[in-house]
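**Q** Quick one: the structure is below, and I'll ask about it shortly.
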Amino acid sequence: MSMQRSISSAKARALLFGVAVCAWILSGSTALGQGHGGGGRHNSADKPADSESKYTPLPAPPPVTPHGGDYISTQKNYYEVVYMPFQTRIYLFDSNLKPLSAQDVHVQMSLQLPTENAQRQIPFQFVAMPKGATEQDYVVAVFDIRPLQDKEANITFEFSGLSDRRFPTASFTPHYARFSVRPYVSKVLLTEADRDGIARQRVCPVSGAPLGSRGPVTKLYVAEFPLYVAGDDCIEAVKASPARFLPQPGR
């Protein structure tokens, strides 16, 4: 049976909350960090799948990423891959790092766990954001990737349905000398797209100060939920009691 191409708003919210409260807490990861292996690693596609000629990948982007993942790129697009204990997400961007919708993109991930003899092939599905949401949509593979923690690993991603008419498909095989998942509390890049989120939240949940009143706002992810705080000095309080800052059901 083929996977559905989209997930309803209610189902998406339920999936996010369930994974955040249960899966992330079970993972026991509470360290603060940016991305994978230090964050913002950049890998280019070695060859487009529909061509014998190699293309020139985009330049390495800034080291801090919007969702705490790693960048890979083709000639026209960046892809941010975010490894979390029980799901892997991919966000799409253009050559200027402007967010793009992943609605028409198909992705499959291939990897081998150290406890298994055969490779796993894991399809991704599209997750649409609820109406009015400012968070970027993405594709997701729900899979327990923790057995790769601290191991050397090669993970292959195969893309199709890309907007580039010349190269509508692409294949990437990033190599990780020491694989790691994104920390439970992660500081990430603040982008123009966060303006609405900051305006909606308005107040720092740690200090009680209006966001922006003490200088630049800091964006965190607590599990899979964005959180804005008044500054870096608020991070330790979030790390000390992250569940306190998760959204509650029904709110």
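Residue numbers start at 1 in each chain; chains themselves are named A, B, ... in the order of the structure tokens; ligands are numbered from 1 in the order shown.
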Within range 101-201 of chain A, find each residue whose DSSP state, derived from the backbone, is strand (DSSP E or B), and express the selection as a PyMOL selection string.

**A** chain A and resi 106-111+120-123+125-127+138-142+153-154+156-160+170-172+175-176+185-188

**Q** Would you mind telling me which residue in A:Val181, A:Val229, A:Val127, A:Leu58 lies nearest to Asp104 in chain A when using only C-alpha atoms?

**A**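 Among the listed residues, the smallest separation from Asp104 in chain A belongs to A:Val127.
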
**Q** Would you give me, as JSON, numbers by chain, the residues in range 16-239 of chain A that DSSP reads as helix (DSSP H, G or I)?

**A** {"A": [16, 17, 18, 19, 20, 21, 22, 23, 24, 25, 26, 27, 146, 147, 148, 192, 193, 194, 195, 196, 197, 198, 199, 200, 201, 232, 233, 234, 235, 236, 237, 238, 239]}

**Q** Could you please take those selected residues and save N, CA and C atoms as a JSON list (two decimals), in the first residue's frame?

**A**
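Writing done, so here's part.json:
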[["chain", "number", "residue", "atom", "x", "y", "z"],
["A", 16, "LEU", "N", 3.96, 14.83, 16.18],
["A", 16, "LEU", "CA", 5.02, 15.65, 16.76],
["A", 16, "LEU", "C", 5.01, 15.58, 18.28],
["A", 17, "PHE", "N", 3.82, 15.72, 18.87],
["A", 17, "PHE", "CA", 3.77, 15.73, 20.33],
["A", 17, "PHE", "C", 4.13, 14.36, 20.90],
["A", 18, "GLY", "N", 3.61, 13.31, 20.29],
["A", 18, "GLY", "CA", 3.90, 11.97, 20.79],
["A", 18, "GLY", "C", 5.38, 11.65, 20.73],
["A", 19, "VAL", "N", 6.00, 11.99, 19.62],
["A", 19, "VAL", "CA", 7.44, 11.72, 19.50],
["A", 19, "VAL", "C", 8.23, 12.55, 20.49],
["A", 20, "ALA", "N", 7.84, 13.82, 20.63],
["A", 20, "ALA", "CA", 8.58, 14.72, 21.51],
["A", 20, "ALA", "C", 8.55, 14.27, 22.96],
["A", 21, "VAL", "N", 7.35, 13.95, 23.46],
["A", 21, "VAL", "CA", 7.21, 13.63, 24.87],
["A", 21, "VAL", "C", 7.74, 12.25, 25.20],
["A", 22, "CYS", "N", 7.51, 11.30, 24.30],
["A", 22, "CYS", "CA", 7.91, 9.92, 24.60],
["A", 22, "CYS", "C", 9.28, 9.57, 24.02],
["A", 23, "ALA", "N", 9.40, 9.68, 22.71],
["A", 23, "ALA", "CA", 10.61, 9.20, 22.05],
["A", 23, "ALA", "C", 11.84, 9.97, 22.46],
["A", 24, "TRP", "N", 11.74, 11.30, 22.49],
["A", 24, "TRP", "CA", 12.93, 12.09, 22.83],
["A", 24, "TRP", "C", 13.34, 11.88, 24.27],
["A", 25, "ILE", "N", 12.37, 11.83, 25.17],
["A", 25, "ILE", "CA", 12.70, 11.62, 26.57],
["A", 25, "ILE", "C", 13.35, 10.26, 26.76],
["A", 26, "LEU", "N", 12.83, 9.24, 26.07],
["A", 26, "LEU", "CA", 13.44, 7.91, 26.15],
["A", 26, "LEU", "C", 14.87, 7.90, 25.63],
["A", 27, "SER", "N", 15.17, 8.79, 24.71],
["A", 27, "SER", "CA", 16.52, 8.80, 24.15],
["A", 27, "SER", "C", 17.55, 9.27, 25.16],
["A", 146, "ARG", "N", 19.04, 5.46, 16.47],
["A", 146, "ARG", "CA", 19.99, 5.47, 17.58],
["A", 146, "ARG", "C", 21.08, 4.40, 17.52],
["A", 147, "PRO", "N", 20.84, 3.22, 16.90],
["A", 147, "PRO", "CA", 21.93, 2.24, 16.83],
["A", 147, "PRO", "C", 23.18, 2.75, 16.10],
["A", 148, "LEU", "N", 23.06, 3.83, 15.31],
["A", 148, "LEU", "CA", 24.23, 4.39, 14.62],
["A", 148, "LEU", "C", 25.01, 5.37, 15.49],
["A", 192, "GLU", "N", 14.49, 34.95, 8.89],
["A", 192, "GLU", "CA", 13.39, 35.90, 8.63],
["A", 192, "GLU", "C", 12.04, 35.25, 8.86],
["A", 193, "ALA", "N", 11.96, 33.95, 8.61],
["A", 193, "ALA", "CA", 10.69, 33.23, 8.77],
["A", 193, "ALA", "C", 10.24, 33.15, 10.22],
["A", 194, "ASP", "N", 11.12, 33.47, 11.17],
["A", 194, "ASP", "CA", 10.77, 33.39, 12.59],
["A", 194, "ASP", "C", 10.06, 34.64, 13.11],
["A", 195, "ARG", "N", 9.94, 35.65, 12.28],
["A", 195, "ARG", "CA", 9.30, 36.89, 12.75],
["A", 195, "ARG", "C", 7.91, 36.64, 13.32],
["A", 196, "ASP", "N", 7.10, 35.87, 12.60],
["A", 196, "ASP", "CA", 5.74, 35.61, 13.05],
["A", 196, "ASP", "C", 5.72, 34.81, 14.35],
["A", 197, "GLY", "N", 6.61, 33.84, 14.45],
["A", 197, "GLY", "CA", 6.68, 33.03, 15.66],
["A", 197, "GLY", "C", 7.06, 33.86, 16.87],
["A", 198, "ILE", "N", 8.00, 34.76, 16.70],
["A", 198, "ILE", "CA", 8.40, 35.65, 17.80],
["A", 198, "ILE", "C", 7.24, 36.56, 18.19],
["A", 199, "ALA", "N", 6.55, 37.09, 17.18],
["A", 199, "ALA", "CA", 5.41, 37.98, 17.46],
["A", 199, "ALA", "C", 4.30, 37.23, 18.19],
["A", 200, "ARG", "N", 4.11, 35.95, 17.87],
["A", 200, "ARG", "CA", 3.07, 35.17, 18.53],
["A", 200, "ARG", "C", 3.45, 34.83, 19.97],
["A", 201, "GLN", "N", 4.71, 34.45, 20.18],
["A", 201, "GLN", "CA", 5.12, 34.07, 21.53],
["A", 201, "GLN", "C", 5.27, 35.28, 22.45],
["A", 232, "ASP", "N", 21.04, 33.99, 25.18],
["A", 232, "ASP", "CA", 21.74, 32.73, 25.43],
["A", 232, "ASP", "C", 21.79, 32.37, 26.92],
["A", 233, "ASP", "N", 21.67, 33.37, 27.79],
["A", 233, "ASP", "CA", 21.72, 33.08, 29.22],
["A", 233, "ASP", "C", 20.49, 32.32, 29.72],
["A", 234, "CYS", "N", 19.47, 32.22, 28.87],
["A", 234, "CYS", "CA", 18.26, 31.47, 29.24],
["A", 234, "CYS", "C", 18.37, 29.98, 28.88],
["A", 235, "ILE", "N", 19.37, 29.62, 28.11],
["A", 235, "ILE", "CA", 19.46, 28.25, 27.59],
["A", 235, "ILE", "C", 19.61, 27.24, 28.72],
["A", 236, "GLU", "N", 20.42, 27.53, 29.70],
["A", 236, "GLU", "CA", 20.67, 26.57, 30.77],
["A", 236, "GLU", "C", 19.39, 26.21, 31.52],
["A", 237, "ALA", "N", 18.50, 27.19, 31.70],
["A", 237, "ALA", "CA", 17.23, 26.91, 32.37],
["A", 237, "ALA", "C", 16.37, 25.96, 31.56],
["A", 238, "VAL", "N", 16.40, 26.11, 30.24],
["A", 238, "VAL", "CA", 15.64, 25.21, 29.37],
["A", 238, "VAL", "C", 16.24, 23.81, 29.42],
["A", 239, "LYS", "N", 17.55, 23.72, 29.40],
["A", 239, "LYS", "CA", 18.22, 22.42, 29.47],
["A", 239, "LYS", "C", 17.93, 21.71, 30.79]]

**Q** Taking into account only C-alpha atoms, which residue in the set A:Ser186, A:Ser241, A:Thr218, A:Ser213 is nearest to Met84 in chain A?

**A**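 Of all the options, A:Ser186 lies closest to Met84 in chain A.
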
**Q** CA of Asp164 in chain A and CA of Thr191 in chain A are how many Å apart?

**A**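 One can read the CA of Asp164 in chain A to CA of Thr191 in chain A distance as 24.4 Å.
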
**Q** Between CA of Leu189 in chain A and CA of Gly68 in chain A, what is the distance in Å, rounded to a tenth?

**A**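 Between CA of Leu189 in chain A and CA of Gly68 in chain A the gap works out to 7.8 Å.
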
**Q** Could you tell me how far CA of Phe167 in chain A lies from CA of Val107 in chain A, in Å and to one decimal?

**A** 14.6 Å

**Q** Counting only C-alpha atoms, which residue out of A:Tyr83, A:Tyr138, A:Phe172, A:Phe179 sits closest to Glu152 in chain A?

**A** A:Phe179

**Q** Restricting the calculation to only C-alpha atoms, which member of A:Leu246, A:Val64, A:Ile122, A:Val82 is positioned closest to Val188 in chain A?

**A**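 Ranked by minimum distance to Val188 in chain A, first place goes to A:Val64.
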
**Q** List the spatial neighbours of Arg89 in chain A as a PyMOL selection string - criterion: any atom at most 12 Å away, only C-alpha atoms, same-chain residues fewer than 4 positions off excluded.

**A** chain A and resi 16+67-71+79-85+102+107-109+123-127+136-143+145+157+181-182+224

**Q** Write the selection just made, keeping C-alpha atoms, as a PDB file, in the first residue's frame?

**A**
ATOM      1  CA  LEU A  16       5.016  15.646  16.759  1.00  0.00           C
ATOM      2  CA  HIS A  67      16.739  23.203  12.351  1.00  0.00           C
ATOM      3  CA  GLY A  68      19.996  21.925  13.840  1.00  0.00           C
ATOM      4  CA  GLY A  69      20.870  19.577  10.964  1.00  0.00           C
ATOM      5  CA  ASP A  70      23.452  19.134   8.214  1.00  0.00           C
ATOM      6  CA  TYR A  71      23.446  20.685   4.752  1.00  0.00           C
ATOM      7  CA  TYR A  79      18.811  20.267   1.765  1.00  0.00           C
ATOM      8  CA  GLU A  80      18.990  20.273   5.550  1.00  0.00           C
ATOM      9  CA  VAL A  81      18.986  16.757   7.008  1.00  0.00           C
ATOM     10  CA  VAL A  82      18.046  16.598  10.683  1.00  0.00           C
ATOM     11  CA  TYR A  83      18.741  13.322  12.488  1.00  0.00           C
ATOM     12  CA  MET A  84      16.648  12.772  15.617  1.00  0.00           C
ATOM     13  CA  PRO A  85      16.382   9.524  17.602  1.00  0.00           C
ATOM     14  CA  ALA A 102       8.882  19.739   0.040  1.00  0.00           C
ATOM     15  CA  VAL A 107      13.030  10.778  -0.857  1.00  0.00           C
ATOM     16  CA  GLN A 108      14.354   7.377   0.151  1.00  0.00           C
ATOM     17  CA  MET A 109      17.116   6.765   2.695  1.00  0.00           C
ATOM     18  CA  PRO A 123      10.879   6.033   2.431  1.00  0.00           C
ATOM     19  CA  PHE A 124      10.007   9.564   3.518  1.00  0.00           C
ATOM     20  CA  GLN A 125       6.561  11.115   3.591  1.00  0.00           C
ATOM     21  CA  PHE A 126       5.514  14.730   3.311  1.00  0.00           C
ATOM     22  CA  VAL A 127       4.344  16.623   6.401  1.00  0.00           C
ATOM     23  CA  GLN A 136       8.573  25.147   7.270  1.00  0.00           C
ATOM     24  CA  ASP A 137       7.115  21.930   5.865  1.00  0.00           C
ATOM     25  CA  TYR A 138       9.360  18.893   5.368  1.00  0.00           C
ATOM     26  CA  VAL A 139       9.593  15.205   4.526  1.00  0.00           C
ATOM     27  CA  VAL A 140      10.096  12.708   7.332  1.00  0.00           C
ATOM     28  CA  ALA A 141      11.157   9.098   7.837  1.00  0.00           C
ATOM     29  CA  VAL A 142      10.010   7.650  11.145  1.00  0.00           C
ATOM     30  CA  PHE A 143      12.827   5.323  12.128  1.00  0.00           C
ATOM     31  CA  ILE A 145      18.386   5.691  14.126  1.00  0.00           C
ATOM     32  CA  PHE A 157      19.585   9.726   0.108  1.00  0.00           C
ATOM     33  CA  VAL A 181      21.663  12.651  16.580  1.00  0.00           C
ATOM     34  CA  ARG A 182      20.501  16.197  17.218  1.00  0.00           C
ATOM     35  CA  GLU A 224      10.810  19.072  17.824  1.00  0.00           C
TER      36      GLU A 224
END
